[in-house]
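**Student:** I'd like to ask some things about the structure below.
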Amino acid sequence: MQNETGYFLDTYAMIEIAKGNKKFEDFLEKELFTSLFNLYEFYFILLQDFSEAIAKEFFYQFKKRMIQIKDEHIFTAAELRKKHVKKGLSYVDCLGYAIAMDIGIKFLTGDGAFEDLENVEFVKR
C-alpha cells in the first residue's frame with residue numbers, strides 16, 4: 001500500500017531542496033525519507049559548492065529522515081541495476097528506489113534515468 005504523503009529523497013532531490021528550488025517546495029510538507037548512502041553523496045556534493053559548516057547543517061537536517069537499510073533492499077537494488085544496466089542507474093539511487101518500493105512511498109528524483117519507472121515522482125529542474 002502506497003503512502004501518498006511520503007517520499008524517498010534521492011540525492012538529486014536533496015540537492016535541489018538545499019538550493020531552494022521552488023519545484024520541490026510542496027514536498028517539504030510531506031513525510032520525507034532518505035538513506036545513509038544518499039546522505040554521504042549529498043554531503044560530498046555540498047562540500048564542493050558550500051562551506052563545511054553549511055554542508056554539515058544540511059546533512060544533519062536530512063539525517064533525521066534516514067531509514068535503516070535492510071539486506072533485502074540491497075538485493076532488490078542490485079537486481080534493478082542489473083535489469084536496467086543500459087540506463088546507467090547509480091548504485092545509490094537503485095538502493096533508494098528499492099527502499100521506497102519496500103516501504104510504500106514514491107521515489108522523488110529529477111534523474112531522467114528513473115522517469116519512466118513505476119513509483120517515481122519525477123521533477124524536472
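We name chains A, B, ... following the order of the C-alpha cells; residues begin at 1 in each chain, and ligands are numbered from 1 as shown.
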Using 9 Å as the limit and counting only C-alpha atoms, can you tabulate each residue of region 83-124 of chain A that touches region 15-38 of chain A, with its shortest atom-to-atom distance in Å and the two atoms involved, as JSON lines?
**Tutor:**
{"residue": "A:Val92", "atom": "CA", "partner": "A:Phe37", "partner_atom": "CA", "distance": 6.2}
{"residue": "A:Asp93", "atom": "CA", "partner": "A:Asn38", "partner_atom": "CA", "distance": 7.8}
{"residue": "A:Leu95", "atom": "CA", "partner": "A:Ser35", "partner_atom": "CA", "distance": 8.4}
{"residue": "A:Gly96", "atom": "CA", "partner": "A:Ser35", "partner_atom": "CA", "distance": 6.8}
{"residue": "A:Ile99", "atom": "CA", "partner": "A:Ser35", "partner_atom": "CA", "distance": 8.5}
{"residue": "A:Ala100", "atom": "CA", "partner": "A:Phe33", "partner_atom": "CA", "distance": 8.6}
{"residue": "A:Gly110", "atom": "CA", "partner": "A:Glu16", "partner_atom": "CA", "distance": 9.0}
{"residue": "A:Val123", "atom": "CA", "partner": "A:Lys23", "partner_atom": "CA", "distance": 7.2}
{"residue": "A:Lys124", "atom": "CA", "partner": "A:Lys23", "partner_atom": "CA", "distance": 8.1}
**Student:** Please identify which residues in region 12-122 of chain A DSSP calls strand (DSSP E or B) from the backbone, and express them as a list of chain:residue names.
**Tutor:**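 Matching residues for strand (DSSP E or B) in region 12-122 of chain A are A:Glu31, A:Leu32, A:Phe33, A:Thr34, A:Met66, A:Lys106, A:Phe107, A:Leu108, A:Thr109, A:Val120, A:Glu121, A:Phe122.
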**Student:** Would you save the residues of that selection, restricted to N, CA and C atoms, as a PDB file, in the first residue's frame?
**Tutor:**
ATOM      1  N   GLU A  31       6.006  13.687   4.387  1.00  0.00           N
ATOM      2  CA  GLU A  31       6.971  12.861   5.110  1.00  0.00           C
ATOM      3  C   GLU A  31       8.086  12.521   4.138  1.00  0.00           C
ATOM      4  N   LEU A  32       9.318  12.841   4.505  1.00  0.00           N
ATOM      5  CA  LEU A  32      10.450  12.632   3.621  1.00  0.00           C
ATOM      6  C   LEU A  32      11.455  11.694   4.270  1.00  0.00           C
ATOM      7  N   PHE A  33      12.031  10.811   3.451  1.00  0.00           N
ATOM      8  CA  PHE A  33      12.975   9.816   3.928  1.00  0.00           C
ATOM      9  C   PHE A  33      14.168   9.760   2.989  1.00  0.00           C
ATOM     10  N   THR A  34      15.284   9.260   3.493  1.00  0.00           N
ATOM     11  CA  THR A  34      16.466   9.037   2.674  1.00  0.00           C
ATOM     12  C   THR A  34      17.311   7.943   3.329  1.00  0.00           C
ATOM     13  N   MET A  66      16.539   9.605   7.907  1.00  0.00           N
ATOM     14  CA  MET A  66      17.245   8.411   7.433  1.00  0.00           C
ATOM     15  C   MET A  66      16.528   7.116   7.813  1.00  0.00           C
ATOM     16  N   LYS A 106       6.742   6.993  -2.747  1.00  0.00           N
ATOM     17  CA  LYS A 106       7.303   7.307  -4.057  1.00  0.00           C
ATOM     18  C   LYS A 106       8.764   7.723  -3.945  1.00  0.00           C
ATOM     19  N   PHE A 107       9.497   7.442  -4.998  1.00  0.00           N
ATOM     20  CA  PHE A 107      10.904   7.813  -5.130  1.00  0.00           C
ATOM     21  C   PHE A 107      10.948   9.173  -5.810  1.00  0.00           C
ATOM     22  N   LEU A 108      11.396  10.206  -5.100  1.00  0.00           N
ATOM     23  CA  LEU A 108      11.422  11.569  -5.621  1.00  0.00           C
ATOM     24  C   LEU A 108      12.786  11.865  -6.229  1.00  0.00           C
ATOM     25  N   THR A 109      12.785  12.215  -7.509  1.00  0.00           N
ATOM     26  CA  THR A 109      14.029  12.456  -8.225  1.00  0.00           C
ATOM     27  C   THR A 109      13.822  13.398  -9.410  1.00  0.00           C
ATOM     28  N   VAL A 120       7.701   6.469  -9.290  1.00  0.00           N
ATOM     29  CA  VAL A 120       8.644   7.582  -9.304  1.00  0.00           C
ATOM     30  C   VAL A 120       7.885   8.895  -9.435  1.00  0.00           C
ATOM     31  N   GLU A 121       8.245   9.848  -8.609  1.00  0.00           N
ATOM     32  CA  GLU A 121       7.759  11.221  -8.742  1.00  0.00           C
ATOM     33  C   GLU A 121       8.920  11.978  -9.373  1.00  0.00           C
ATOM     34  N   PHE A 122       8.792  12.264 -10.669  1.00  0.00           N
ATOM     35  CA  PHE A 122       9.868  12.906 -11.417  1.00  0.00           C
ATOM     36  C   PHE A 122       9.625  14.403 -11.472  1.00  0.00           C
TER      37      PHE A 122
END
**Student:** Can you list, as a ChimeraX atom specification, every protein, DNA or RNA residue that comes within 12 Å of Glu79 (chain A) when you count only C-alpha atoms, leaving out same-chain residues fewer than 3 positions away?
**Tutor:** /A:72-76,82-85,89,91,94-95,97-98
**Student:** With C-alpha atoms retained, export the selected residues as a PDB file, in the first residue's frame.
**Tutor:**
ATOM      1  CA  GLU A  72      16.538  -7.156   1.018  1.00  0.00           C
ATOM      2  CA  HIS A  73      16.945  -3.546  -0.102  1.00  0.00           C
ATOM      3  CA  ILE A  74      20.442  -4.348  -1.334  1.00  0.00           C
ATOM      4  CA  PHE A  75      19.277  -7.490  -3.147  1.00  0.00           C
ATOM      5  CA  THR A  76      16.399  -5.639  -4.834  1.00  0.00           C
ATOM      6  CA  LYS A  82      21.270  -5.297 -13.465  1.00  0.00           C
ATOM      7  CA  LYS A  83      17.890  -5.201 -15.228  1.00  0.00           C
ATOM      8  CA  HIS A  84      18.408  -1.580 -16.319  1.00  0.00           C
ATOM      9  CA  VAL A  85      22.182  -1.658 -16.821  1.00  0.00           C
ATOM     10  CA  LEU A  89      21.417   3.846 -12.862  1.00  0.00           C
ATOM     11  CA  TYR A  91      24.102   2.106  -7.014  1.00  0.00           C
ATOM     12  CA  CYS A  94      18.860   1.947  -7.062  1.00  0.00           C
ATOM     13  CA  LEU A  95      19.122   1.384  -3.327  1.00  0.00           C
ATOM     14  CA  TYR A  97      14.366   3.181  -5.158  1.00  0.00           C
ATOM     15  CA  ALA A  98      14.319  -0.288  -3.558  1.00  0.00           C
TER      16      ALA A  98
END
**Student:** May I have the residues within 6 Å of region 42-45 of chain A as a ChimeraX atom specification, using only C-alpha atoms and disregarding those fewer than 3 positions away in the same chain?
**Tutor:** /A:11,38-39,48,55
**Student:** Could you tell me which of A:Lys63, A:Arg81, A:Arg125, A:Lys70 comes closest to Asp111 (chain A) if we count only C-alpha atoms?
**Tutor:**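 Checking each candidate against Asp111 (chain A), we get A:Arg125 as the closest.
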